[in-house]
Amino acid sequence: MSRLLFFTQEAFRALRRNGAPSMAAVVTTIVTVILLGVLIPIFQTTQAKSNEVRDSLEFRVAIYDDATRGEINHLQERLLAIPHVESATLITKAQALNELKQDLGKKKSGELLTQLHSNPLPANFRVKADDASNLEAVRAAVTPPGPNGKPKPISPIVQEVFDRQEDSRKIEQVTSALKIVLTVITALLIVASLMLVGNTIRLSIYTRRREVEVMRLVGATRWFIRWPFMIEGMVVGFFGGLVAILILWLGKLTIVDPLSNSIGFLAAQNDTTLSFPALVAILFAAAVLVSAVGSGVTLRRFLRV
Amino acid sequence: MALRKRKNRKTSDEPQPPRRRKGGAPIIEMRDVTKVYPGGHMALDRVSLAIDRGEFVFLVGPTGCGKSTLIKMLIRELKATEGSVKIAGRDIGAMPEKKIPQLRRNIGTVFQDFKLLPDRTVYDNVAYALQVLGAHRGEIRRQVPQILRLVGLSTKLHSYPDELSGGEQQRVSVARAFVNHPPLLLADEPSGNLDPVTSIGVMQLLYRINKTGTTVVVVTHDREMVDSMRRRVIELYEGRVVRDEISGGYTEESTSELGLRMRAEMGVAPEGQTNGHTSESLF
């Protein structure tokens with residue numbers, strides 16, 4: 001117990017007497033932790049987003065304008081009877097137009113609609129499969145191959161089966177490319193920041209190598225020399241992590257939270273990714289641990305007898 | 001540890017050649033020790049010597065003759081290429097690294113460049129040697145002021161090394177080396193950076209330490225100093241022992257007698273006229 005007290009006193013003495021290197025170490029930790037604190041959620045969000053795209057796969061069955069109410073109801077029943085179909089929702093012509101308006105935004109659709117004198121969009125069924133992997137099978141069931149080998153829809157009122165799968169594929173390709181790029185960037189930044197922290201520690205120990213040498217010559221054991229350095233590292237990590245997390249928290253409060261109400265991409269972060277407290281805890285523990293272990297390991301070079 | 005034995009051996013009247021005494025191994029025993037540095041430079045060439053407990057020995061020779069190498073070998077900062085180095089009968093070449101701190105705690109070492117910890121006060125520097133041993137606070141509070149009084153630095157407890165003169169720093173270094181009363185004290189050029197008056201002060205201090213039974217080995221190239229101290233002298237030249245002899249007499253003189261005689265012989269002004277506190281405070 002008195003040993004621990006002694007080592008802690010030693011650590012704080014060193015911090016006091018080596019103000020500039022200690023400050024550099026704290027600042028480096030702050031920068032690194034902030035970097036990680038920003039990158040990890042972004043990385044996770046892209047991951048979550050592409051999953052979401054994959055999950056929302058659906059296709060549309062367009063209906064001729066002259067279909068009767070009865071034919072439409074009949075088609076809906078048949079669609080729902082197909083295995084793995086979760087839902088088949090009717091989108092009327094008016095609703096389809098509304099969808100388009102929403103997609104385009106008010107201004108553009110206003111322009112567009114003044115140029116269009118009638119609604120060109122067909123009514124359609126939005127068919128959702130219970131699982132993304134079953135989508136292909138469901139789609140095939142809607143247009144089974146006819147006697148001549150060409151696909152023939154299950155009902156004469158089906159004008160066309162179209163889907164956003166092409167789009168989804170593209171989205172997926174883009175996101176997976178994005179994911180790779182982000183993974184590489186994140187990995188590089190993590191390596192760079194670890195090296196930065198390591199280098200700072202090395203520098204601050206290097207300036208005190210003579211001191212370490214003297215300690216060795218007076219008969220201090222390795223751990224007797226090492227403990228104060230490790231506690232020093234922990235203190236640096238603690239304060240660096242604390243400040244960084246404070247900054248991250250402020251950033252979350254002032255930037256991310258207000259925006260996430262209006263932008264879906266950011267909102268996704270709140271439910272699909274690591275919760276903020278968990279992120280904070282991990283970053284904090286990492287900051288303290290890396291600094292402490294980094295100090296201990298770096299010291300090895302100077303502890304050789 | 002076996003190193004700690006026979007604290008107050010009586011110094012003999014007659015100068016004696018180095019030889020094994022009945023019933024105790026010499027505190028330092030080197031046998032055919034050769035040290036070749038990586039690169040091929042041979043620093044020591046089959047050196048054999050024995051130093052008994054309680055002796056005061058000078059190790060002299062020109063720069064590069066292997067004196068410092070020899071000292072570094074005694075605290076296992078360096079390992080012998082060939083031959084054996086024994087401290088208190090124990091071969092330290094074969095000592096596992098874990099035991100080295102223990103060895104060093106039993107050998108006080110004074111360095112030419114003092115090797116004080118710059119960010120600690122005089123008090124803390126000396127206390128560190130005790131903290132390393134795991135000494136209790138009470139013990140440290142008792143022993144540190146005591147040893148600093150012995151070296152005449154009671155008034156500078158809370159000064160930092162860079163606020164002290166060379167002589168004062170060297171005395172802190174001696175205090176640190178001796179605070180736990182090790183059976184062996186090595187001093188590598190303790191007066192190398194000091195003026196004659198201060199040097200005599202440091203030598204008196206080492207002599208006084210020797211009188212408590214501690215074996216003292218002093219490395220120096222200050223021939224005048226060696227001649228006036230009249231103790232055993234081992235001379236190295238190009239890695240070999242070329243002289244090992246004891247100049248006669250004066251073994252029973254007191255510390256102050258030694259100081260007076262050295263001042264006279266070295267042509268230094270007597271006490272009271274220059275830098276008087278150096279020696280005054282020692283007694």
# chains A, B, ... in the order shown; residues from 1 in each chain; ligands from 1
$ select_by_dssp --residues "stretch 134-273 of chain A" --states "alpha helix (DSSP H)" --output "PyMOL selection string"
chain A and resi 135-142+165-206+209-218+222-251+257-260+264-272
$ closest_atom_pairs --of "stretch 157-192 of chain B" --to "stretch 55-58 of chain B" --cutoff "12 Å" --atoms "only C-alpha atoms" --output "CSV"
residue,atom,partner,partner_atom,distance
B:Pro183,CA,B:Glu55,CA,10.8
B:Leu184,CA,B:Glu55,CA,9.6
B:Leu185,CA,B:Phe56,CA,9.7
B:Leu186,CA,B:Val57,CA,9.7
B:Ala187,CA,B:Phe58,CA,9.5
B:Asp188,CA,B:Phe58,CA,10.2
B:Glu189,CA,B:Phe58,CA,10.3
B:Pro190,CA,B:Phe58,CA,11.5
$ write_last_selection --atoms "N, CA and C atoms" --output "PDB file, in the first residue's frame"
ATOM      1  N   PRO B 183      28.811  -2.819   2.421  1.00  0.00           N
ATOM      2  CA  PRO B 183      30.140  -3.295   2.792  1.00  0.00           C
ATOM      3  C   PRO B 183      31.226  -2.910   1.790  1.00  0.00           C
ATOM      4  N   LEU B 184      30.787  -2.479   0.588  1.00  0.00           N
ATOM      5  CA  LEU B 184      31.774  -2.129  -0.437  1.00  0.00           C
ATOM      6  C   LEU B 184      31.370  -0.822  -1.097  1.00  0.00           C
ATOM      7  N   LEU B 185      32.326   0.065  -1.240  1.00  0.00           N
ATOM      8  CA  LEU B 185      32.058   1.348  -1.877  1.00  0.00           C
ATOM      9  C   LEU B 185      33.047   1.572  -3.009  1.00  0.00           C
ATOM     10  N   LEU B 186      32.528   1.797  -4.197  1.00  0.00           N
ATOM     11  CA  LEU B 186      33.376   2.059  -5.351  1.00  0.00           C
ATOM     12  C   LEU B 186      33.233   3.523  -5.720  1.00  0.00           C
ATOM     13  N   ALA B 187      34.374   4.165  -5.988  1.00  0.00           N
ATOM     14  CA  ALA B 187      34.311   5.561  -6.392  1.00  0.00           C
ATOM     15  C   ALA B 187      35.099   5.725  -7.684  1.00  0.00           C
ATOM     16  N   ASP B 188      34.378   6.046  -8.754  1.00  0.00           N
ATOM     17  CA  ASP B 188      35.013   6.202 -10.062  1.00  0.00           C
ATOM     18  C   ASP B 188      35.350   7.671 -10.267  1.00  0.00           C
ATOM     19  N   GLU B 189      36.627   7.999 -10.182  1.00  0.00           N
ATOM     20  CA  GLU B 189      37.096   9.387 -10.348  1.00  0.00           C
ATOM     21  C   GLU B 189      36.283  10.355  -9.494  1.00  0.00           C
ATOM     22  N   PRO B 190      36.206  10.146  -8.215  1.00  0.00           N
ATOM     23  CA  PRO B 190      35.351  11.027  -7.397  1.00  0.00           C
ATOM     24  C   PRO B 190      35.855  12.459  -7.378  1.00  0.00           C
TER      25      PRO B 190
END
$ interface_residues --of "chain A" --to "chain B" --cutoff "12 Å" --atoms "only C-alpha atoms" --output "ChimeraX atom specification"
/A:1-7,10,12-19,207-225,303-305
$ write_last_selection --atoms "C-alpha atoms" --output "compact mmCIF listing (two decimals), in the first residue's frame"
# COMPACT_ATOMS: atom_id res chain seq x y z
CA MET A 1 0.00 0.00 0.00
CA SER A 2 2.75 2.41 0.95
CA ARG A 3 4.53 1.21 -2.19
CA LEU A 4 1.58 2.18 -4.35
CA LEU A 5 1.51 5.56 -2.69
CA PHE A 6 5.23 5.98 -3.34
CA PHE A 7 4.90 5.00 -7.00
CA GLU A 10 6.83 9.43 -8.14
CA PHE A 12 3.07 12.87 -10.25
CA ARG A 13 6.50 14.28 -9.49
CA ALA A 14 7.65 13.23 -12.97
CA LEU A 15 4.55 14.78 -14.55
CA ARG A 16 5.16 18.02 -12.71
CA ARG A 17 8.84 18.19 -13.51
CA ASN A 18 8.39 17.24 -17.18
CA GLY A 19 5.57 19.62 -17.99
CA THR A 207 14.55 12.56 -22.16
CA ARG A 208 14.74 10.74 -18.86
CA ARG A 209 16.93 7.82 -19.90
CA ARG A 210 19.78 9.04 -17.75
CA GLU A 211 17.49 9.07 -14.80
CA VAL A 212 16.52 5.48 -15.51
CA GLU A 213 20.18 4.56 -15.81
CA VAL A 214 20.91 6.09 -12.41
CA MET A 215 18.01 4.20 -10.87
CA ARG A 216 19.39 0.97 -12.25
CA LEU A 217 22.86 1.69 -10.91
CA VAL A 218 21.52 2.42 -7.45
CA GLY A 219 19.98 -1.04 -7.45
CA ALA A 220 16.34 -0.42 -8.33
CA THR A 221 14.57 -3.45 -9.76
CA ARG A 222 12.91 -3.18 -13.14
CA TRP A 223 9.44 -3.01 -11.76
CA PHE A 224 10.49 -0.46 -9.19
CA ILE A 225 11.49 1.79 -12.08
CA LEU A 303 16.05 -1.25 -18.58
CA ARG A 304 18.55 -3.66 -20.05
CA VAL A 305 21.24 -4.30 -17.54
$ residues_around --residues "B:Lys79" --least-positions-apart "2" --cutoff "10 Å" --atoms "only C-alpha atoms" --output "list in words"
Val33, Thr34, Lys35, Val36, Thr69, Leu70, Lys72, Met73, Leu74, Ile75, Arg76, Glu77, Thr81, Glu82, Gly83, Ser84, Val85, Ile92, Gly93 and Ala94 of chain B
$ write_last_selection --atoms "C-alpha atoms" --output "mmCIF file, in the first residue's frame"
data_model
loop_
_atom_site.group_PDB
_atom_site.id
_atom_site.type_symbol
_atom_site.label_atom_id
_atom_site.label_comp_id
_atom_site.auth_asym_id
_atom_site.auth_seq_id
_atom_site.Cartn_x
_atom_site.Cartn_y
_atom_site.Cartn_z
ATOM 1 C CA VAL B 33 39.538 -11.411 -16.263
ATOM 2 C CA THR B 34 39.591 -10.387 -19.885
ATOM 3 C CA LYS B 35 37.184 -7.920 -21.435
ATOM 4 C CA VAL B 36 36.978 -7.513 -25.157
ATOM 5 C CA THR B 69 35.725 -1.075 -17.340
ATOM 6 C CA LEU B 70 36.895 -2.808 -14.203
ATOM 7 C CA LYS B 72 31.617 -1.424 -14.345
ATOM 8 C CA MET B 73 32.374 -5.116 -14.142
ATOM 9 C CA LEU B 74 32.165 -5.101 -10.367
ATOM 10 C CA ILE B 75 28.565 -3.879 -10.480
ATOM 11 C CA ARG B 76 27.772 -6.095 -13.456
ATOM 12 C CA GLU B 77 27.153 -3.208 -15.777
ATOM 13 C CA THR B 81 34.513 -11.948 -21.714
ATOM 14 C CA GLU B 82 36.642 -14.478 -19.893
ATOM 15 C CA GLY B 83 37.616 -15.174 -16.317
ATOM 16 C CA SER B 84 35.639 -14.830 -13.134
ATOM 17 C CA VAL B 85 34.659 -11.854 -11.007
ATOM 18 C CA ILE B 92 28.690 -12.426 -10.397
ATOM 19 C CA GLY B 93 29.271 -13.364 -14.022
ATOM 20 C CA ALA B 94 26.935 -16.311 -13.501
#
$ residues_around --residues "stretch 210-226 of chain B" --least-positions-apart "4" --cutoff "9 Å" --atoms "only C-alpha atoms" --output "mmCIF file with N, CA and C atoms, in the first residue's frame"
data_model
loop_
_atom_site.group_PDB
_atom_site.id
_atom_site.type_symbol
_atom_site.label_atom_id
_atom_site.label_comp_id
_atom_site.auth_asym_id
_atom_site.auth_seq_id
_atom_site.Cartn_x
_atom_site.Cartn_y
_atom_site.Cartn_z
ATOM 1 N N ARG B 6 31.525 -8.649 9.249
ATOM 2 C CA ARG B 6 32.711 -8.056 9.874
ATOM 3 C C ARG B 6 32.790 -6.568 9.590
ATOM 4 N N LYS B 7 31.934 -5.846 10.229
ATOM 5 C CA LYS B 7 31.888 -4.416 9.940
ATOM 6 C C LYS B 7 33.132 -3.667 10.397
ATOM 7 N N ASN B 8 33.593 -3.997 11.570
ATOM 8 C CA ASN B 8 34.683 -3.195 12.111
ATOM 9 C C ASN B 8 35.988 -3.970 12.242
ATOM 10 N N ARG B 9 36.467 -4.324 11.087
ATOM 11 C CA ARG B 9 37.732 -5.034 11.119
ATOM 12 C C ARG B 9 38.833 -4.057 11.516
ATOM 13 N N LYS B 10 39.704 -4.523 12.349
ATOM 14 C CA LYS B 10 40.790 -3.655 12.808
ATOM 15 C C LYS B 10 41.792 -3.484 11.673
ATOM 16 N N THR B 11 42.172 -2.251 11.395
ATOM 17 C CA THR B 11 43.187 -2.066 10.350
ATOM 18 C C THR B 11 44.544 -2.460 10.913
ATOM 19 N N ILE B 27 36.654 -9.576 -0.517
ATOM 20 C CA ILE B 27 35.374 -9.024 -0.961
ATOM 21 C C ILE B 27 35.347 -8.886 -2.480
ATOM 22 N N ILE B 51 40.932 -8.086 -3.246
ATOM 23 C CA ILE B 51 40.860 -6.987 -2.282
ATOM 24 C C ILE B 51 40.106 -7.494 -1.061
ATOM 25 N N ASP B 52 40.721 -7.320 0.085
ATOM 26 C CA ASP B 52 40.119 -7.834 1.311
ATOM 27 C C ASP B 52 39.141 -6.843 1.920
ATOM 28 N N ARG B 53 38.324 -7.375 2.803
ATOM 29 C CA ARG B 53 37.379 -6.530 3.516
ATOM 30 C C ARG B 53 38.119 -5.465 4.313
ATOM 31 N N GLY B 54 37.607 -4.261 4.243
ATOM 32 C CA GLY B 54 38.168 -3.190 5.056
ATOM 33 C C GLY B 54 39.335 -2.472 4.415
ATOM 34 N N GLU B 55 39.753 -2.886 3.255
ATOM 35 C CA GLU B 55 40.884 -2.224 2.604
ATOM 36 C C GLU B 55 40.466 -0.899 1.987
ATOM 37 N N PHE B 56 41.472 -0.051 1.772
ATOM 38 C CA PHE B 56 41.271 1.192 1.025
ATOM 39 C C PHE B 56 42.235 1.121 -0.151
ATOM 40 N N VAL B 57 41.698 1.013 -1.335
ATOM 41 C CA VAL B 57 42.553 0.738 -2.495
ATOM 42 C C VAL B 57 42.362 1.810 -3.560
ATOM 43 N N PHE B 58 43.490 2.236 -4.096
ATOM 44 C CA PHE B 58 43.429 3.135 -5.255
ATOM 45 C C PHE B 58 43.644 2.323 -6.519
ATOM 46 N N LEU B 59 42.879 2.653 -7.523
ATOM 47 C CA LEU B 59 43.056 2.028 -8.820
ATOM 48 C C LEU B 59 43.466 3.148 -9.766
ATOM 49 N N VAL B 60 44.710 3.089 -10.242
ATOM 50 C CA VAL B 60 45.199 4.211 -11.052
ATOM 51 C C VAL B 60 45.636 3.745 -12.436
ATOM 52 N N GLY B 61 45.915 4.715 -13.257
ATOM 53 C CA GLY B 61 46.372 4.420 -14.612
ATOM 54 C C GLY B 61 45.889 5.480 -15.561
ATOM 55 N N PRO B 62 46.544 5.581 -16.702
ATOM 56 C CA PRO B 62 46.151 6.616 -17.667
ATOM 57 C C PRO B 62 44.763 6.341 -18.248
ATOM 58 N N THR B 63 44.213 7.358 -18.876
ATOM 59 C CA THR B 63 42.896 7.210 -19.500
ATOM 60 C C THR B 63 42.915 6.063 -20.506
ATOM 61 N N LYS B 67 40.333 1.164 -16.266
ATOM 62 C CA LYS B 67 39.856 1.371 -14.890
ATOM 63 C C LYS B 67 38.329 1.358 -14.807
ATOM 64 N N SER B 68 37.743 2.150 -15.678
ATOM 65 C CA SER B 68 36.277 2.246 -15.619
ATOM 66 C C SER B 68 35.631 0.931 -15.993
ATOM 67 N N ILE B 71 35.581 -1.205 -12.949
ATOM 68 C CA ILE B 71 34.533 -0.812 -11.993
ATOM 69 C C ILE B 71 33.155 -1.259 -12.493
ATOM 70 N N HIS B 181 24.868 1.937 4.286
ATOM 71 C CA HIS B 181 26.076 1.310 4.825
ATOM 72 C C HIS B 181 26.442 0.018 4.116
ATOM 73 N N PRO B 182 26.732 0.112 2.831
ATOM 74 C CA PRO B 182 27.107 -1.094 2.095
ATOM 75 C C PRO B 182 28.512 -1.537 2.516
ATOM 76 N N PRO B 183 28.811 -2.819 2.421
ATOM 77 C CA PRO B 183 30.140 -3.295 2.792
ATOM 78 C C PRO B 183 31.226 -2.910 1.790
ATOM 79 N N LEU B 184 30.787 -2.479 0.588
ATOM 80 C CA LEU B 184 31.774 -2.129 -0.437
ATOM 81 C C LEU B 184 31.370 -0.822 -1.097
ATOM 82 N N LEU B 185 32.326 0.065 -1.240
ATOM 83 C CA LEU B 185 32.058 1.348 -1.877
ATOM 84 C C LEU B 185 33.047 1.572 -3.009
ATOM 85 N N LEU B 186 32.528 1.797 -4.197
ATOM 86 C CA LEU B 186 33.376 2.059 -5.351
ATOM 87 C C LEU B 186 33.233 3.523 -5.720
ATOM 88 N N ALA B 187 34.374 4.165 -5.988
ATOM 89 C CA ALA B 187 34.311 5.561 -6.392
ATOM 90 C C ALA B 187 35.099 5.725 -7.684
ATOM 91 N N ASP B 188 34.378 6.046 -8.754
ATOM 92 C CA ASP B 188 35.013 6.202 -10.062
ATOM 93 C C ASP B 188 35.350 7.671 -10.267
ATOM 94 N N GLU B 189 36.627 7.999 -10.182
ATOM 95 C CA GLU B 189 37.096 9.387 -10.348
ATOM 96 C C GLU B 189 36.283 10.355 -9.494
ATOM 97 N N PRO B 190 36.206 10.146 -8.215
ATOM 98 C CA PRO B 190 35.351 11.027 -7.397
ATOM 99 C C PRO B 190 35.855 12.459 -7.378
ATOM 100 N N SER B 191 37.142 12.643 -7.641
ATOM 101 C CA SER B 191 37.664 14.007 -7.591
ATOM 102 C C SER B 191 37.974 14.525 -8.985
ATOM 103 N N GLY B 192 37.529 13.799 -9.984
ATOM 104 C CA GLY B 192 37.866 14.153 -11.355
ATOM 105 C C GLY B 192 37.445 15.547 -11.758
ATOM 106 N N PRO B 196 41.501 20.917 -5.893
ATOM 107 C CA PRO B 196 42.243 20.156 -4.881
ATOM 108 C C PRO B 196 41.625 20.223 -3.485
ATOM 109 N N SER B 199 38.644 18.136 -3.389
ATOM 110 C CA SER B 199 39.057 16.753 -3.552
ATOM 111 C C SER B 199 39.503 16.166 -2.226
ATOM 112 N N ILE B 200 40.297 16.931 -1.496
ATOM 113 C CA ILE B 200 40.772 16.433 -0.207
ATOM 114 C C ILE B 200 39.590 16.179 0.712
ATOM 115 N N MET B 203 38.103 12.961 -0.270
ATOM 116 C CA MET B 203 38.975 11.842 0.131
ATOM 117 C C MET B 203 38.861 11.589 1.640
ATOM 118 N N LEU B 205 36.354 12.145 3.409
ATOM 119 C CA LEU B 205 35.056 11.518 3.605
ATOM 120 C C LEU B 205 35.146 10.016 3.321
ATOM 121 N N LEU B 206 35.793 9.671 2.227
ATOM 122 C CA LEU B 206 35.932 8.261 1.870
ATOM 123 C C LEU B 206 36.777 7.530 2.911
ATOM 124 N N ARG B 230 48.751 7.466 0.705
ATOM 125 C CA ARG B 230 49.553 6.297 1.098
ATOM 126 C C ARG B 230 48.692 5.096 1.456
ATOM 127 N N ARG B 231 48.055 4.586 0.486
ATOM 128 C CA ARG B 231 47.292 3.362 0.649
ATOM 129 C C ARG B 231 47.710 2.399 -0.443
ATOM 130 N N VAL B 233 47.918 0.658 -3.834
ATOM 131 C CA VAL B 233 47.703 1.193 -5.176
ATOM 132 C C VAL B 233 47.801 0.067 -6.206
ATOM 133 N N THR B 255 41.067 10.961 10.724
ATOM 134 C CA THR B 255 40.634 11.625 9.500
ATOM 135 C C THR B 255 41.185 13.043 9.416
ATOM 136 N N MET B 262 47.522 15.786 4.081
ATOM 137 C CA MET B 262 47.320 15.884 2.636
ATOM 138 C C MET B 262 47.428 17.321 2.168
ATOM 139 N N GLU B 265 51.048 18.224 2.135
ATOM 140 C CA GLU B 265 51.812 17.581 1.066
ATOM 141 C C GLU B 265 51.416 18.059 -0.315
ATOM 142 N N MET B 266 50.157 18.414 -0.456
ATOM 143 C CA MET B 266 49.705 18.825 -1.785
ATOM 144 C C MET B 266 49.779 20.332 -1.960
#
$ residues_around --residues "B:Ile28" --least-positions-apart "6" --cutoff "6 Å" --atoms "only C-alpha atoms" --output "ChimeraX atom specification"
/B:50-51,86-87
$ write_last_selection --atoms "C-alpha atoms" --output "PDB file, in the first residue's frame"
ATOM      1  CA  ALA B  50      42.058  -9.653  -4.680  1.00  0.00           C
ATOM      2  CA  ILE B  51      40.860  -6.987  -2.282  1.00  0.00           C
ATOM      3  CA  LYS B  86      33.713 -12.739  -7.467  1.00  0.00           C
ATOM      4  CA  ILE B  87      32.150 -10.411  -4.957  1.00  0.00           C
TER       5      ILE B  87
END
$ closest_residue --among "A:Ile247, A:Gln95, A:Leu80, A:Arg69" --to "A:Ala141" --atoms "only C-alpha atoms"
A:Leu80
$ residues_around --residues "A:Lys179" --least-positions-apart "4" --cutoff "8 Å" --atoms "only C-alpha atoms" --output "list in words"
Phe43, Thr46, Gln47, Thr175 and Thr183 of chain A
$ select_by_dssp --residues "stretch 108-219 of chain A" --states "strand (DSSP E)" --output "list in words"
Ala123, Asn124, Phe125, Arg126, Val127, Lys128, Ala129, Val158, Gln159, Glu160, Val161, Phe162 and Asp163 of chain A
$ residues_around --residues "A:Thr200" --least-positions-apart "5" --cutoff "12 Å" --atoms "only C-alpha atoms" --output "short mmCIF file (atom, residue, chain, number, x, y, z; two decimals) with N, CA and C atoms, in the first residue's frame"
data_model
loop_
_atom_site.label_atom_id
_atom_site.label_comp_id
_atom_site.auth_asym_id
_atom_site.auth_seq_id
_atom_site.Cartn_x
_atom_site.Cartn_y
_atom_site.Cartn_z
N ALA A 20 6.31 19.90 -20.29
CA ALA A 20 6.09 19.95 -21.74
C ALA A 20 5.86 18.57 -22.35
N PRO A 21 6.74 17.59 -22.10
CA PRO A 21 6.48 16.26 -22.67
C PRO A 21 5.16 15.66 -22.17
N SER A 22 4.84 15.90 -20.90
CA SER A 22 3.59 15.36 -20.36
C SER A 22 2.41 15.98 -21.10
N MET A 23 2.51 17.30 -21.32
CA MET A 23 1.43 18.00 -22.02
C MET A 23 1.28 17.43 -23.42
N ALA A 24 2.42 17.21 -24.09
CA ALA A 24 2.39 16.66 -25.45
C ALA A 24 1.69 15.31 -25.45
N ALA A 25 1.99 14.50 -24.46
CA ALA A 25 1.39 13.16 -24.39
C ALA A 25 -0.12 13.28 -24.19
N VAL A 26 -0.54 14.22 -23.33
CA VAL A 26 -1.97 14.39 -23.08
C VAL A 26 -2.68 14.84 -24.35
N VAL A 27 -2.07 15.82 -25.05
CA VAL A 27 -2.70 16.35 -26.26
C VAL A 27 -2.79 15.26 -27.32
N THR A 28 -1.73 14.47 -27.45
CA THR A 28 -1.75 13.38 -28.43
C THR A 28 -2.89 12.42 -28.12
N THR A 29 -3.04 12.11 -26.85
CA THR A 29 -4.12 11.20 -26.46
C THR A 29 -5.47 11.81 -26.81
N SER A 193 -2.29 6.67 -35.02
CA SER A 193 -2.44 7.30 -33.71
C SER A 193 -1.74 6.50 -32.63
N LEU A 194 -1.73 5.16 -32.78
CA LEU A 194 -1.00 4.36 -31.80
C LEU A 194 0.48 4.67 -31.87
N MET A 195 0.98 4.82 -33.11
CA MET A 195 2.40 5.13 -33.26
C MET A 195 2.70 6.51 -32.70
N ILE A 205 10.22 9.36 -22.35
CA ILE A 205 11.10 8.48 -21.59
C ILE A 205 12.55 8.70 -21.99
N TYR A 206 12.74 8.97 -23.29
CA TYR A 206 14.09 9.17 -23.79
C TYR A 206 14.75 10.35 -23.08
N THR A 207 13.96 11.40 -22.83
CA THR A 207 14.55 12.56 -22.16
C THR A 207 14.95 12.21 -20.73
N GLY A 233 1.72 7.02 -17.25
CA GLY A 233 1.00 6.77 -18.50
C GLY A 233 -0.50 6.72 -18.27
N VAL A 236 -1.80 10.22 -17.74
CA VAL A 236 -1.88 10.91 -19.03
C VAL A 236 -3.09 10.41 -19.82
N SER A 291 -1.74 4.00 -22.95
CA SER A 291 -0.70 4.86 -22.41
C SER A 291 0.14 4.12 -21.38
N GLY A 294 1.99 1.19 -23.05
CA GLY A 294 2.98 1.80 -23.94
C GLY A 294 4.20 2.27 -23.17
N SER A 295 3.98 2.91 -22.04
CA SER A 295 5.10 3.38 -21.22
C SER A 295 5.93 2.21 -20.75
N THR A 298 7.85 0.62 -23.72
CA THR A 298 8.92 1.48 -24.23
C THR A 298 10.12 1.48 -23.30
#
